[in-house]
$ cat work32.cif   # mmCIF, C-alpha atoms
data_work
loop_
_atom_site.label_atom_id
_atom_site.label_comp_id
_atom_site.auth_asym_id
_atom_site.auth_seq_id
_atom_site.Cartn_x
_atom_site.Cartn_y
_atom_site.Cartn_z
CA MET A 7 14.05 16.55 5.81
CA MET A 8 12.70 13.58 7.73
CA LEU A 9 9.89 11.44 6.45
CA PRO A 10 7.04 10.63 8.78
CA ASP A 11 7.36 7.26 10.51
CA SER A 12 4.44 5.76 8.64
CA ARG A 13 5.94 6.72 5.27
CA ARG A 14 9.38 5.34 6.23
CA LEU A 15 7.74 2.12 7.34
CA GLY A 16 5.87 1.90 4.02
CA LEU A 17 9.09 2.39 2.01
CA ARG A 18 10.92 -0.24 4.06
CA VAL A 19 8.09 -2.71 3.54
CA LEU A 20 8.05 -1.96 -0.20
CA ALA A 21 11.84 -2.38 -0.47
CA LYS A 22 11.68 -5.72 1.35
CA LEU A 23 8.82 -6.94 -0.86
CA LEU A 24 10.79 -6.04 -3.99
CA ALA A 25 13.89 -7.81 -2.66
CA TRP A 26 11.97 -10.97 -1.77
CA SER A 27 10.20 -10.90 -5.15
CA GLY A 28 13.61 -10.80 -6.87
CA VAL A 29 14.83 -13.73 -4.77
CA ALA A 30 11.66 -15.69 -5.60
CA VAL A 31 12.05 -15.09 -9.35
CA VAL A 32 15.70 -16.17 -9.33
CA ALA A 33 14.90 -19.26 -7.23
CA TYR A 34 12.03 -20.23 -9.53
CA ALA A 35 14.20 -19.86 -12.65
CA PHE A 36 16.99 -21.95 -11.08
CA LEU A 37 14.68 -24.72 -9.86
CA ALA A 38 12.80 -24.86 -13.17
CA PHE A 39 16.13 -25.28 -15.01
CA VAL A 40 17.49 -27.94 -12.64
CA PHE A 41 14.32 -30.00 -12.30
CA LEU A 42 12.90 -29.70 -15.83
CA PRO A 43 12.01 -33.27 -16.85
CA GLU A 44 13.94 -34.68 -19.82
CA GLY A 45 10.75 -35.19 -21.77
CA ASP A 46 10.02 -31.45 -21.76
CA GLN A 47 13.32 -30.51 -23.35
CA VAL A 48 13.34 -29.83 -27.06
CA VAL A 49 16.07 -31.95 -28.65
CA PRO A 50 16.66 -31.71 -32.39
CA GLN A 51 16.27 -35.04 -34.13
CA LEU A 52 18.33 -36.57 -36.92
CA GLU A 53 17.13 -39.38 -39.15
CA VAL A 54 19.73 -41.95 -40.25
CA ASP A 55 19.02 -44.47 -43.00
CA LEU A 56 20.44 -47.71 -41.57
CA SER A 57 20.20 -49.53 -44.91
CA ILE A 58 23.33 -47.68 -46.13
CA ILE A 59 25.50 -49.13 -43.33
CA ALA A 60 26.74 -52.64 -44.14
CA PRO A 61 27.35 -55.13 -41.31
CA GLY A 62 30.80 -54.54 -39.86
CA GLU A 63 30.95 -50.89 -40.97
CA ALA A 64 30.68 -47.59 -39.11
CA TRP A 65 28.95 -44.43 -40.32
CA PHE A 66 29.98 -41.01 -39.01
CA GLY A 67 27.73 -37.95 -39.09
CA GLU A 68 26.94 -34.80 -37.15
CA TRP A 69 24.11 -34.10 -34.71
CA ARG A 70 23.70 -31.07 -32.43
CA GLY A 71 27.19 -29.88 -33.41
CA GLN A 72 28.81 -33.14 -32.34
CA LYS A 73 30.29 -35.97 -34.37
CA ILE A 74 28.33 -39.20 -33.96
CA VAL A 75 29.01 -42.77 -34.98
CA VAL A 76 26.57 -45.54 -35.88
CA LEU A 77 28.21 -48.98 -35.97
CA HIS A 78 26.43 -51.93 -37.58
CA ARG A 79 28.03 -54.76 -35.62
CA ASN A 80 28.23 -58.15 -37.25
CA GLU A 81 28.32 -61.45 -35.34
CA ALA A 82 32.14 -61.45 -35.20
CA GLN A 83 32.18 -57.93 -33.74
CA LEU A 84 29.58 -58.84 -31.12
CA ALA A 85 31.74 -61.83 -30.18
CA ALA A 86 34.79 -59.53 -30.03
CA LEU A 87 33.36 -57.26 -27.31
CA ALA A 88 36.06 -56.89 -24.69
CA PRO A 89 35.71 -59.09 -21.57
CA ASP A 90 34.65 -57.28 -18.40
CA ASP A 91 38.06 -57.71 -16.74
CA ALA A 92 39.68 -55.70 -19.58
CA LEU A 93 37.35 -52.71 -19.02
CA TYR A 94 37.61 -49.74 -16.65
CA ASP A 95 33.82 -49.42 -16.23
CA PRO A 96 32.16 -52.60 -17.56
CA ALA A 97 28.75 -51.80 -16.02
CA SER A 98 28.78 -48.23 -17.45
CA ARG A 99 28.11 -46.69 -14.03
CA LEU A 100 30.27 -43.62 -14.79
CA SER A 101 28.97 -43.15 -18.33
CA LEU A 102 26.28 -41.12 -20.02
CA GLN A 103 23.61 -43.20 -21.73
CA PRO A 104 19.87 -43.82 -21.42
CA SER A 105 19.17 -46.26 -18.59
CA GLU A 106 17.65 -48.87 -20.93
CA MET A 107 21.03 -49.09 -22.68
CA ARG A 108 22.99 -50.10 -19.58
CA ASN A 109 23.72 -53.54 -20.94
CA ARG A 110 26.74 -55.40 -22.28
CA HIS A 111 26.33 -54.07 -25.82
CA ARG A 112 25.18 -50.54 -24.69
CA SER A 113 22.41 -50.32 -27.27
CA ARG A 114 18.73 -50.98 -27.88
CA GLU A 115 19.52 -53.73 -30.39
CA PRO A 116 22.82 -55.65 -30.21
CA ALA A 117 23.60 -55.13 -33.90
CA TRP A 118 23.47 -51.31 -33.69
CA PHE A 119 25.78 -49.15 -31.58
CA VAL A 120 25.27 -45.36 -31.53
CA ALA A 121 27.58 -42.95 -29.69
CA ILE A 122 28.98 -39.45 -29.57
CA ALA A 123 32.26 -39.91 -31.47
CA HIS A 124 34.44 -37.88 -29.10
CA GLY A 125 36.83 -39.26 -26.51
CA THR A 126 35.74 -38.73 -22.94
CA ASP A 127 38.90 -37.17 -21.54
CA LEU A 128 39.77 -34.37 -24.03
CA SER A 129 36.76 -34.60 -26.40
CA CYS A 130 39.00 -35.46 -29.34
CA PRO A 131 37.42 -37.33 -32.27
CA VAL A 132 37.55 -41.10 -32.25
CA ARG A 133 38.13 -43.33 -35.24
CA PHE A 134 36.79 -46.81 -35.84
CA VAL A 135 39.26 -49.71 -35.80
CA PRO A 136 37.77 -53.03 -37.01
CA PRO A 137 38.89 -56.13 -35.04
CA GLU A 138 40.83 -57.48 -38.01
CA GLU A 139 42.97 -54.29 -38.08
CA ALA A 140 43.36 -53.93 -34.31
CA GLY A 141 46.40 -56.13 -33.80
CA ASP A 142 46.95 -56.47 -30.03
CA TRP A 143 43.39 -55.61 -28.91
CA HIS A 144 39.77 -56.49 -29.77
CA GLY A 145 39.15 -53.41 -31.95
CA GLY A 146 36.64 -50.64 -31.46
CA PHE A 147 37.38 -46.95 -31.25
CA ILE A 148 40.55 -44.99 -30.59
CA ASP A 149 40.90 -41.36 -29.50
CA VAL A 150 43.05 -39.54 -32.09
CA CYS A 151 44.69 -37.23 -29.50
CA ARG A 152 45.85 -39.42 -26.63
CA GLY A 153 45.11 -42.87 -28.00
CA SER A 154 42.47 -43.95 -25.46
CA ARG A 155 40.92 -47.21 -26.63
CA TYR A 156 37.26 -48.17 -26.41
CA ASP A 157 35.78 -51.55 -27.31
CA LEU A 158 33.05 -52.13 -29.92
CA ALA A 159 30.44 -51.06 -27.34
CA GLY A 160 32.27 -47.80 -26.60
CA ARG A 161 33.52 -49.02 -23.21
CA VAL A 162 36.94 -47.69 -22.20
CA LEU A 163 39.68 -50.28 -21.68
CA ASN A 164 41.78 -50.46 -18.50
CA GLY A 165 44.95 -48.36 -18.42
CA GLN A 166 43.72 -45.62 -20.76
CA PRO A 167 43.83 -41.84 -20.14
CA ALA A 168 40.01 -41.74 -20.50
CA LYS A 169 38.00 -42.99 -17.52
CA ARG A 170 34.46 -42.91 -18.95
CA ASN A 171 32.82 -44.83 -21.76
CA LEU A 172 31.70 -43.07 -24.94
CA ALA A 173 28.41 -41.21 -24.43
CA VAL A 174 25.32 -42.83 -25.95
CA PRO A 175 22.62 -40.34 -27.01
CA PRO A 176 18.89 -41.05 -26.85
CA TYR A 177 17.62 -42.69 -30.03
CA ARG A 178 15.04 -45.11 -31.38
CA ILE A 179 15.03 -47.50 -34.30
CA GLU A 180 11.91 -47.82 -36.44
CA PRO A 181 11.18 -50.19 -39.29
CA PRO A 182 12.19 -50.19 -42.07
CA GLN A 183 15.75 -49.41 -41.00
CA ARG A 184 15.39 -45.85 -39.69
CA LEU A 185 17.28 -44.53 -36.68
CA TRP A 186 16.11 -41.31 -35.01
CA LEU A 187 18.72 -39.58 -32.88
CA GLY A 188 17.31 -37.42 -30.11
CA ALA A 189 14.16 -39.54 -29.81
CA LYS A 190 13.27 -42.13 -27.20
#
$ encode --input "work32.cif" --output "structure tokens"
Amino acid sequence: MMLPDSRRLGLRVLAKLLAWSGVAVVAYAFLAFVFLPEGDQVVPQLEVDLSIIAPGEAWFGEWRGQKIVVLHRNEAQLAALAPDDALYDPASRLSLQPSEMRNRHRSREPAWFVAIAHGTDLSCPVRFVPPEEAGDWHGGFIDVCRGSRYDLAGRVLNGQPAKRNLAVPPYRIEPPQRLWLGAK
């Protein structure tokens, strides 16, 4: 049985409208995901009491299912930051960190370094190596799987398997000695 031409035309128009509506919904969902501003994303926060971390010591914790490190750098550790010629990416162009932390010490305040405590090539945990225990390098962090070395600002040294610096999450420091991870 054949449908009248006007009815066939109506069904074709309806089918095309449904198809284009589906395309529009998928496109909207994709574009909203890709272009959602950072400020609109809900990021869980973690409060860290900085008064428990003595100068020269590192504190490890967990945030968003990832190991994090907060290093309270003393004057000797700030002086022991690796020279730029020893680093693979001294300007942190290939690294993940908030733009205001693209500086030599990769932090808001020179004394405090905060990073995701996973190596950047295989995501293995890193451990803290103080300069006085480092031997032939300036100290910092070492990947426990492949041995990639990072300086005290989380910048990867030349000749390592890793090619990116440790990731620095968004955070803010508020008096008296409170650090909020996940907050700007």
$ residues_around --input "work32.cif" --residues "segment 76-80 of chain A" --least-positions-apart "3" --cutoff "6 Å" --atoms "all atoms listed in the file" --output "VMD selection string"
chain A and resid 61 to 65 83 117 to 120
$ atom_distance --input "work32.cif" --atom1 "atom CA of Pro167 of chain A" --atom2 "atom CA of Leu187 of chain A"
28.2 Å
$ closest_residue --input "work32.cif" --among "A:Ala82, A:Leu185, A:Ala159, A:Ala21" --to "Leu172 of chain A" --atoms "all atoms listed in the file"
A:Ala159
$ residues_near_point --input "work32.cif" --point "(43.5, -43.5, -37.1)" --cutoff "9 Å" --atoms "only C-alpha atoms" --output "PDB file with C-alpha atoms, keeping the file's coordinate frame"
ATOM      1  CA  VAL A 132      37.550 -41.100 -32.250  1.00  0.00           C
ATOM      2  CA  ARG A 133      38.130 -43.330 -35.240  1.00  0.00           C
ATOM      3  CA  PHE A 134      36.790 -46.810 -35.840  1.00  0.00           C
ATOM      4  CA  VAL A 135      39.260 -49.710 -35.800  1.00  0.00           C
ATOM      5  CA  ILE A 148      40.550 -44.990 -30.590  1.00  0.00           C
ATOM      6  CA  ASP A 149      40.900 -41.360 -29.500  1.00  0.00           C
ATOM      7  CA  VAL A 150      43.050 -39.540 -32.090  1.00  0.00           C
TER       8      VAL A 150
END
$ closest_residue --input "work32.cif" --among "A:Arg184, A:Pro104, A:Pro96, A:Glu115" --to "Tyr156 of chain A" --atoms "all atoms listed in the file"
A:Pro96
$ atom_distance --input "work32.cif" --atom1 "atom CA of Ala35 of chain A" --atom2 "atom CA of Lys22 of chain A"
20.1 Å
$ closest_residue --input "work32.cif" --among "A:Ile122, A:Leu87, A:Leu128, A:Ala25" --to "His144 of chain A" --atoms "only C-alpha atoms"
A:Leu87
$ atom_distance --input "work32.cif" --atom1 "atom CA of Ala121 of chain A" --atom2 "atom CA of Val174 of chain A"
4.4 Å
